[in-house]
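Each remark here refers to the structure printed beneath this line.
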Amino acid sequence: MLALPFNTIQKKMARLGEQDKIKKQAQAREMYTRDFSITFISEVVGVKPETIRTWAKVGEWEDLKRANAITPSHIQNMILQCAEEIKEGRTPKISPDQLAKLASAYEKLSDKRKHLGYMIDAFSELRNHLLRKAQEASQKTDKQKMLSLAQEMSPLTDEIINLRFKEITNS
């Protein structure tokens, strides 16, 4: 058997460690933008809470959290809420001008993009549901089961989303 030099082994291990770190950061960022507590994220990802806070600050995750808050379904819900307020004789929180802009932005989205947005919403909601069930679980085995399901599901849903996104951008 051919032995690898020690520095080659160290480099390979460092790359694996870096890949693991990138994977953990991505998982932590996803949970952070979905408003999970730093303590819970730390527990799930397996790093110290201080590390999560550092990643969040350096990566400007608060900005990502705000950007992720508006999806096609959110726009649609805002429009429907405003229409309901007008129907009930209340003053809407959104001005008619803002509502028109929202409706215009929503209409400009292609049906495929809207569908993709709804798909992302549904997958995110399922993932969040599993993570919240894990967070609320009193039994360690139940917690592990929910976390495992969420972790196994994530790459599959990401694969579907990426395929649909490629279909949209290539058409």
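By order in the structure tokens, chains are A, B, ...; within a chain, residues start at 1; ligands start at 1, following the order shown.
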Handout entry: Cys82 of chain A environment, 10 Å, only C-alpha atoms, sequence neighbours closer than 6 positions dropped, as an MDAnalysis selection string
Key = chainID A and resid 76 88 90:96 99
Grab the residues selected above and save them as a tab-separated table (two decimals), in the first residue's frame with N, CA, C and O atoms.
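Done, and the output landed in part.tsv:
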```
chain	number	residue	atom	x	y	z
A	76	GLN	N	-49.19	37.74	-1.81
A	76	GLN	CA	-50.61	37.41	-2.01
A	76	GLN	C	-51.40	37.59	-0.72
A	76	GLN	O	-52.48	38.17	-0.72
A	88	GLU	N	-64.30	45.28	5.04
A	88	GLU	CA	-64.90	45.42	6.37
A	88	GLU	C	-64.98	46.87	6.83
A	88	GLU	O	-65.38	47.15	7.96
A	90	ARG	N	-62.51	48.98	7.33
A	90	ARG	CA	-61.36	49.43	8.11
A	90	ARG	C	-60.33	50.07	7.18
A	90	ARG	O	-60.29	49.76	5.99
A	91	THR	N	-59.52	50.92	7.74
A	91	THR	CA	-58.43	51.52	6.98
A	91	THR	C	-57.30	50.50	6.87
A	91	THR	O	-56.80	50.04	7.90
A	92	PRO	N	-56.92	50.15	5.65
A	92	PRO	CA	-55.85	49.14	5.51
A	92	PRO	C	-54.51	49.69	5.98
A	92	PRO	O	-54.26	50.89	5.93
A	93	LYS	N	-53.67	48.77	6.42
A	93	LYS	CA	-52.33	49.14	6.86
A	93	LYS	C	-51.45	49.50	5.67
A	93	LYS	O	-50.46	50.19	5.81
A	94	ILE	N	-51.85	49.03	4.50
A	94	ILE	CA	-51.12	49.31	3.26
A	94	ILE	C	-51.94	50.30	2.45
A	94	ILE	O	-53.14	50.11	2.26
A	95	SER	N	-51.30	51.34	1.94
A	95	SER	CA	-52.02	52.33	1.14
A	95	SER	C	-52.43	51.72	-0.21
A	95	SER	O	-51.81	50.75	-0.66
A	96	PRO	N	-53.46	52.28	-0.85
A	96	PRO	CA	-53.87	51.77	-2.17
A	96	PRO	C	-52.72	51.78	-3.18
A	96	PRO	O	-52.59	50.87	-3.98
A	99	LEU	N	-50.54	48.89	-2.38
A	99	LEU	CA	-51.25	47.67	-2.77
A	99	LEU	C	-51.17	47.47	-4.28
A	99	LEU	O	-50.94	46.35	-4.75
```
Problem - Which of segment 67-147 of chain A DSSP labels helix (DSSP H, G or I), written as a PyMOL selection string - result: chain A and resi 67-68+72-87+96-108+111-136+140-147
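Atom pair atom CA of Glu167 of chain A / atom CA of Lys108 of chain A has a distance of 18.2 Å (rounded to one decimal).
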Exercise for the section: Mind giving me the straight-line distance from atom CA of Ala83 of chain A to atom CA of Arg113 of chain A in Å, one decimal? Expected result: 23.6 Å
Practice task
Counting only C-alpha atoms, figure out which residue out of A:Lys133, A:Asn77, A:Met119, A:Ala56 gets nearest to Lys145 of chain A.
Solution key: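 Between A:Lys133, A:Asn77, A:Met119, A:Ala56, the residue approaching Lys145 of chain A most closely is A:Lys133.
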Exercise for the section: Find, counting only C-alpha atoms, the residue in A:Glu84, A:Ala26, A:Val45, A:Gly89 that gets nearest to Leu147 of chain A. Expected result: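 Result for the nearest residue to Leu147 of chain A: A:Val45.
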Handout entry: Straight-line distance linking atom CA of Gln151 of chain A with atom CA of Arg127 of chain A, stated in Å to one decimal
Key = 8.7 Å
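Comparing the minimum interatomic distances between Asp111 of chain A and each of A:Ile168, A:Leu131, A:Gln25, A:Ile75, counting only C-alpha atoms, we find that A:Ile168 sits nearest.
The shortest atom-to-atom distance to Asn162 of chain A, with only C-alpha atoms taken into account, belongs to A:Ile120 out of A:Asp63, A:Lys114, A:Ile120, A:Ala150.
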Exercise for the section: Using only C-alpha atoms, determine which residues lie at most 12 Å from Leu130 of chain A, disregarding the query and same-chain residues fewer than 6 positions distant; provide the list as a list in words. Expected result: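 So, after excluding close chain neighbours, the residues are Met31, Phe123, Ser124, Glu136, Ala137, Asp142, Lys143, Gln144, Lys145, Met146, Leu147, Ser148, Leu149, Ala150, Gln151, Glu152, Met153 and Ser154 of chain A.
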Those same residues, written as a compact mmCIF listing (two decimals), in the first residue's frame with N, CA and C atoms?
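Result written to part_15.txt:
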```txt
# COMPACT_ATOMS: atom_id res chain seq x y z
N MET A 31 -31.79 27.82 9.40
CA MET A 31 -32.58 27.83 10.64
C MET A 31 -32.66 29.24 11.22
N PHE A 123 -42.11 23.38 1.27
CA PHE A 123 -40.98 22.61 1.79
C PHE A 123 -40.43 23.24 3.06
N SER A 124 -40.33 24.56 3.06
CA SER A 124 -39.82 25.25 4.25
C SER A 124 -40.74 25.05 5.43
N GLU A 136 -39.68 20.93 20.57
CA GLU A 136 -40.69 20.72 21.62
C GLU A 136 -40.66 19.32 22.22
N ALA A 137 -39.94 18.39 21.58
CA ALA A 137 -39.95 16.99 22.02
C ALA A 137 -39.38 16.86 23.43
N ASP A 142 -37.49 11.03 20.30
CA ASP A 142 -38.42 11.77 19.44
C ASP A 142 -37.73 12.96 18.78
N LYS A 143 -36.91 13.63 19.58
CA LYS A 143 -36.16 14.78 19.07
C LYS A 143 -35.24 14.34 17.93
N GLN A 144 -34.50 13.27 18.15
CA GLN A 144 -33.57 12.75 17.14
C GLN A 144 -34.32 12.31 15.87
N LYS A 145 -35.48 11.72 16.06
CA LYS A 145 -36.27 11.26 14.91
C LYS A 145 -36.67 12.45 14.04
N MET A 146 -37.17 13.51 14.66
CA MET A 146 -37.59 14.70 13.90
C MET A 146 -36.39 15.38 13.23
N LEU A 147 -35.27 15.46 13.95
CA LEU A 147 -34.07 16.08 13.37
C LEU A 147 -33.56 15.25 12.19
N SER A 148 -33.58 13.94 12.33
CA SER A 148 -33.13 13.06 11.24
C SER A 148 -34.02 13.22 10.01
N LEU A 149 -35.33 13.27 10.24
CA LEU A 149 -36.25 13.47 9.11
C LEU A 149 -35.96 14.79 8.39
N ALA A 150 -35.77 15.85 9.17
CA ALA A 150 -35.50 17.16 8.57
C ALA A 150 -34.18 17.14 7.80
N GLN A 151 -33.17 16.49 8.36
CA GLN A 151 -31.87 16.44 7.70
C GLN A 151 -31.91 15.58 6.44
N GLU A 152 -32.65 14.48 6.46
CA GLU A 152 -32.75 13.62 5.29
C GLU A 152 -33.58 14.29 4.20
N MET A 153 -34.58 15.04 4.59
CA MET A 153 -35.48 15.67 3.65
C MET A 153 -34.83 16.86 2.93
N SER A 154 -34.00 17.61 3.63
CA SER A 154 -33.44 18.85 3.09
C SER A 154 -32.74 18.68 1.74
```
Handout entry: Nearby residues (only C-alpha atoms) at most 9 Å from Trp55 of chain A, same-chain spacing under 6 positions excluded, as a ChimeraX atom specification
Key = /A:25,28-29,61
Fill in the blank from the handout: One residue among A:Glu50, A:Asp158, A:Glu62, A:Glu18 is nearest to Asp35 of chain A when using only C-alpha atoms, and that residue is A:Glu62
Exercise for the section: Tell me which of A:Thr157, A:Arg53, A:Phe40, A:Leu80 sits closest to Ala103 of chain A, counting only C-alpha atoms. Expected result: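 Smallest separation from Ala103 of chain A among the options: A:Leu80.
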